[in-house]
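> Just passing along the structure, written as structure tokens.
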Amino acid sequence: MEHKPDEQKPLDACGPADRKHDDFVLGTIGAAVNELTSQFTAAALDTPRLDARILVGHVTDLQPSLLFARPDQALSAAEATAIRTLGARRLAREPVSRILGHREFWGLDFELNEATLDPRPDTESVVSAALALKDRLPEPAHVLDLGTGTGCILIAILSDWATARGIGIDREPRAVQAAQANAARLGVGSRAQFREGNWCEGLVDIFDLIVSNPPYIGEDEANSLAPEIGFDPRAALFAGADGLGAYKALIPSAKPRLSTAGRLILEIGVTQENAVEALLNKAGMTVEVRVPDLSGRVRALVARSG
Ligand SMILES: C[S@@+](CC[C@H](N)C(=O)[O-])C[C@H]1O[C@@H](n2cnc3c(N)ncnc32)[C@H](O)[C@@H]1O
């Protein structure tokens with residue numbers, strides 16, 4: 001494509017003219033961060049400057065701390081174009097983690113794809129609850145993660161529990177591939193297997209710990225969700241009109257796969273404690289621990305048979 005510098009808008013009108021010393025320089029890192037920040041602020045995004053810095057850092061391959069140190073570093077035309085493109089995606093409410101294709105969870109870096117949920121910080125409470133059981137479960141503990149997505153729950157548990165091993169199940173083949181790749185890259189591949197499946201269907205093993213963050217949003221709530229959630233796969237989010245569909249299938253499927261001393265840990269939606277507890281009781285299980293989030297709302301249940 002023909003390069004026409006005169007027709008290109010400078011990235012930042014305040015950039016000094018002498019910085020455009022060749023056809024490829026359109027602005028600076030500092031100007032790009034400021035421009036994206038003001039666009040994101042105008043669009044009422046939650047963390048405009050942080051998002052701007054991450055996107056500019058991604059394009060220029062600089063850590064956030066170096067962005068501060070090099071505000072006058074010139075951008076090439078390709079970098080400026082890439083920054084504009086990523087800025088437009090964020091303005092269309094695509095989450096930064098989706099744009100970058102990876103997300104930090106439990107201090108580990110997980111790759112995402114179009115079939116995986118973007119892991120949420122709330123889900124770290126499932127990992128903490130699992131690791132709190134370390135001394136009470138037999139060694140080596142055998143862990144099952146139902147609806148594994150990126151594999152984030154199982155991989156985080158195995159990362160901090162050197163003797164544990166586990167299986168992650170998901171009905172989406174591309175999620176299984178992502179989880180396998182994440183486990184290998186994060187150094188737990190030899191202790192984790194990932195399989196395509198429908199909850200525990202076809203499984204014959206017995207597990208000391210079964211963990212799950214299943215889909216739990218009601219179809220009725222679809223129109224009231226933040227636009228960013230629309231970038232997650234629907235199959236990872238919705239579970240029938242009341243959001244309880246996955247628990248209704250998963251709990252009776254999981255119980256026979258649990259060892260006598262085993263525990264089932266389920267993430268739940270903020271209003272679902274009583275309804276999920278009733279489903280656990282109906283399956284012959286008892287809630288032992290209620291795990292709150294930082295605002296005190298119960299977001300995970302630890303249950304045992306009996
Ligand atoms: C809320 S996402 C959780 C993903 C991941 N564990 C996390 O916390 O980020 C739910 C996952 O369950 C999977 N899933 C939905 N129905 C399933 C089923 N019947 N059997 C197995 N996996 C299922 C979805 O594909 C999705 O990956």
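In the structure tokens, chains take the letters A, B, ... in the order shown, each chain's residues start at 1, and ligands count up from 1 in the order shown.
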Could you list the protein, DNA and RNA residues that have any atom within 8 Å of ligand 1, counting only C-alpha atoms and all ligand atoms, and write them as a PyMOL selection string?

chain A and resi 115-120+123+145-153+169-172+175+196-200+212-216+233+235-237+246+249-250

> Restrict the selected residues to N, CA and C atoms and save them as a short mmCIF file (atom, residue, chain, number, x, y, z; two decimals), in the first residue's frame.


```cif
data_model
loop_
_atom_site.label_atom_id
_atom_site.label_comp_id
_atom_site.auth_asym_id
_atom_site.auth_seq_id
_atom_site.Cartn_x
_atom_site.Cartn_y
_atom_site.Cartn_z
N ALA A 115 -12.85 -19.67 23.04
CA ALA A 115 -13.72 -20.65 23.74
C ALA A 115 -13.55 -20.59 25.25
N THR A 116 -12.62 -19.76 25.74
CA THR A 116 -12.37 -19.76 27.19
C THR A 116 -12.95 -18.52 27.85
N LEU A 117 -13.43 -18.69 29.07
CA LEU A 117 -13.78 -17.53 29.89
C LEU A 117 -12.50 -16.79 30.20
N ASP A 118 -12.61 -15.48 30.33
CA ASP A 118 -11.51 -14.65 30.82
C ASP A 118 -11.53 -14.83 32.35
N PRO A 119 -10.54 -15.49 32.95
CA PRO A 119 -10.64 -15.78 34.40
C PRO A 119 -10.81 -14.51 35.22
N ARG A 120 -11.63 -14.61 36.27
CA ARG A 120 -11.94 -13.46 37.12
C ARG A 120 -11.26 -13.61 38.49
N THR A 123 -12.67 -15.91 41.29
CA THR A 123 -12.45 -17.37 41.24
C THR A 123 -11.21 -17.79 42.03
N ASP A 145 -11.29 -30.74 37.98
CA ASP A 145 -11.80 -29.39 37.73
C ASP A 145 -12.84 -29.47 36.61
N LEU A 146 -14.09 -29.19 36.97
CA LEU A 146 -15.20 -29.31 35.99
C LEU A 146 -15.50 -27.97 35.34
N GLY A 147 -15.43 -27.92 34.01
CA GLY A 147 -15.60 -26.66 33.29
C GLY A 147 -14.32 -25.86 33.41
N THR A 148 -13.22 -26.45 32.97
CA THR A 148 -11.89 -25.94 33.29
C THR A 148 -11.51 -24.66 32.53
N GLY A 149 -12.10 -24.42 31.36
CA GLY A 149 -11.78 -23.19 30.61
C GLY A 149 -10.29 -23.13 30.28
N THR A 150 -9.64 -22.06 30.74
CA THR A 150 -8.19 -21.91 30.54
C THR A 150 -7.39 -22.90 31.40
N GLY A 151 -8.08 -23.61 32.29
CA GLY A 151 -7.38 -24.49 33.24
C GLY A 151 -6.94 -23.74 34.48
N CYS A 152 -7.41 -22.49 34.63
CA CYS A 152 -6.82 -21.62 35.67
C CYS A 152 -6.95 -22.18 37.08
N ILE A 153 -8.11 -22.79 37.42
CA ILE A 153 -8.28 -23.25 38.81
C ILE A 153 -7.34 -24.43 39.07
N ILE A 169 -11.89 -30.93 32.90
CA ILE A 169 -12.87 -31.32 31.88
C ILE A 169 -13.55 -30.07 31.32
N ASP A 170 -13.73 -30.02 30.04
CA ASP A 170 -14.56 -28.96 29.46
C ASP A 170 -15.23 -29.51 28.21
N ARG A 171 -16.44 -29.02 27.94
CA ARG A 171 -17.11 -29.54 26.75
C ARG A 171 -16.65 -28.84 25.48
N GLU A 172 -15.86 -27.77 25.64
CA GLU A 172 -15.37 -27.03 24.47
C GLU A 172 -13.96 -27.50 24.11
N ALA A 175 -11.21 -24.97 24.48
CA ALA A 175 -10.84 -24.68 25.87
C ALA A 175 -9.87 -25.75 26.37
N GLU A 196 -12.03 -33.45 26.88
CA GLU A 196 -13.33 -32.93 26.48
C GLU A 196 -14.38 -33.81 27.14
N GLY A 197 -15.45 -33.23 27.68
CA GLY A 197 -16.49 -34.05 28.29
C GLY A 197 -17.63 -33.22 28.84
N ASN A 198 -18.70 -33.93 29.21
CA ASN A 198 -19.89 -33.32 29.80
C ASN A 198 -19.87 -33.64 31.29
N TRP A 199 -19.44 -32.67 32.10
CA TRP A 199 -19.24 -32.85 33.54
C TRP A 199 -18.54 -34.19 33.80
N CYS A 200 -19.09 -35.10 34.64
CA CYS A 200 -18.34 -36.31 34.99
C CYS A 200 -18.69 -37.52 34.11
N SER A 212 -15.14 -26.44 40.85
CA SER A 212 -15.80 -25.97 39.63
C SER A 212 -16.25 -24.52 39.75
N ASN A 213 -16.04 -23.81 38.68
CA ASN A 213 -16.68 -22.50 38.47
C ASN A 213 -17.55 -22.69 37.23
N PRO A 214 -18.76 -23.20 37.42
CA PRO A 214 -19.60 -23.50 36.24
C PRO A 214 -20.27 -22.22 35.73
N PRO A 215 -20.90 -22.29 34.55
CA PRO A 215 -21.71 -21.13 34.14
C PRO A 215 -22.84 -20.94 35.16
N TYR A 216 -23.09 -19.69 35.59
CA TYR A 216 -24.17 -19.52 36.58
C TYR A 216 -24.97 -18.24 36.40
N PRO A 233 -17.36 -16.33 25.92
CA PRO A 233 -18.27 -17.24 25.20
C PRO A 233 -19.55 -17.47 25.99
N ALA A 235 -21.40 -19.99 26.24
CA ALA A 235 -21.45 -21.30 26.90
C ALA A 235 -20.74 -21.29 28.25
N ALA A 236 -19.87 -20.30 28.45
CA ALA A 236 -19.15 -20.22 29.73
C ALA A 236 -19.93 -19.39 30.74
N LEU A 237 -20.99 -18.71 30.29
CA LEU A 237 -21.68 -17.76 31.17
C LEU A 237 -23.04 -18.25 31.63
N ALA A 246 -26.46 -25.49 35.40
CA ALA A 246 -25.21 -26.26 35.47
C ALA A 246 -25.08 -26.96 36.83
N ALA A 249 -27.07 -30.19 37.02
CA ALA A 249 -26.48 -31.34 36.32
C ALA A 249 -25.17 -31.77 36.98
N LEU A 250 -24.39 -30.79 37.39
CA LEU A 250 -23.02 -31.07 37.85
C LEU A 250 -22.98 -31.75 39.23
#
```

> List every residue of stretch 57-297 of chain A that DSSP, applied to the backbone of this structure, places in strand (DSSP E or B), and write the result as number ranges by chain.

A: 74-75, 102-105, 108-111, 142-146, 165-170, 192-196, 207-212, 217, 238, 258-267, 285-292

> Write out as a list in words the residues lying within 7 Å of A:Asp72, counting only C-alpha atoms and excluding same-chain residues fewer than 4 positions away.

Thr28, Ile29 and Gly30 of chain A

> At a cut-off of 7 Å, using only C-alpha atoms, what residues contact stretch 80-95 of chain A? Leave out same-chain residues fewer than 6 positions from it and give the result as a compact mmCIF listing (two decimals) with N, CA and C atoms, in the first residue's frame.


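So around-v6.txt came out as:
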```txt
# COMPACT_ATOMS: atom_id res chain seq x y z
N LEU A 11 -0.52 11.35 15.95
CA LEU A 11 -1.16 10.68 17.07
C LEU A 11 -1.54 11.69 18.13
N LEU A 26 4.99 9.41 14.11
CA LEU A 26 3.72 10.14 14.17
C LEU A 26 3.49 10.76 15.52
N LEU A 36 -5.08 8.08 24.39
CA LEU A 36 -5.99 6.97 24.71
C LEU A 36 -6.69 7.22 26.04
N PHE A 40 -10.62 7.11 26.56
CA PHE A 40 -11.22 6.11 27.46
C PHE A 40 -11.99 6.81 28.60
N ALA A 43 -15.23 7.90 27.36
CA ALA A 43 -16.15 6.76 27.18
C ALA A 43 -16.54 6.14 28.52
N LEU A 55 -2.05 -0.97 26.85
CA LEU A 55 -2.14 -1.14 25.39
C LEU A 55 -0.91 -0.53 24.69
N VAL A 56 -0.49 0.65 25.13
CA VAL A 56 0.69 1.27 24.51
C VAL A 56 1.93 0.43 24.84
N VAL A 59 2.01 -2.63 22.50
CA VAL A 59 2.43 -2.35 21.12
C VAL A 59 3.93 -2.03 21.07
N PRO A 227 -21.02 -4.52 29.07
CA PRO A 227 -20.71 -4.89 27.67
C PRO A 227 -19.46 -5.77 27.55
N GLU A 228 -18.51 -5.60 28.46
CA GLU A 228 -17.27 -6.40 28.40
C GLU A 228 -17.57 -7.90 28.48
N PHE A 231 -17.87 -10.37 25.48
CA PHE A 231 -16.72 -10.94 24.78
C PHE A 231 -16.35 -12.32 25.31
```

> Just the residues within 9 Å of A:Asn182, please, counting only C-alpha atoms, with nothing from its chain fewer than 2 positions along; format it as a PyMOL selection string.

chain A and resi 109-111+150-152+155+177-180+184-189

> Would you please work out which residue, of A:Ala239, A:Pro48, A:Ala283, A:Arg174, is nearest to A:Ser253 when using only C-alpha atoms?

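Closest to A:Ser253, using only C-alpha atoms: A:Ala283.
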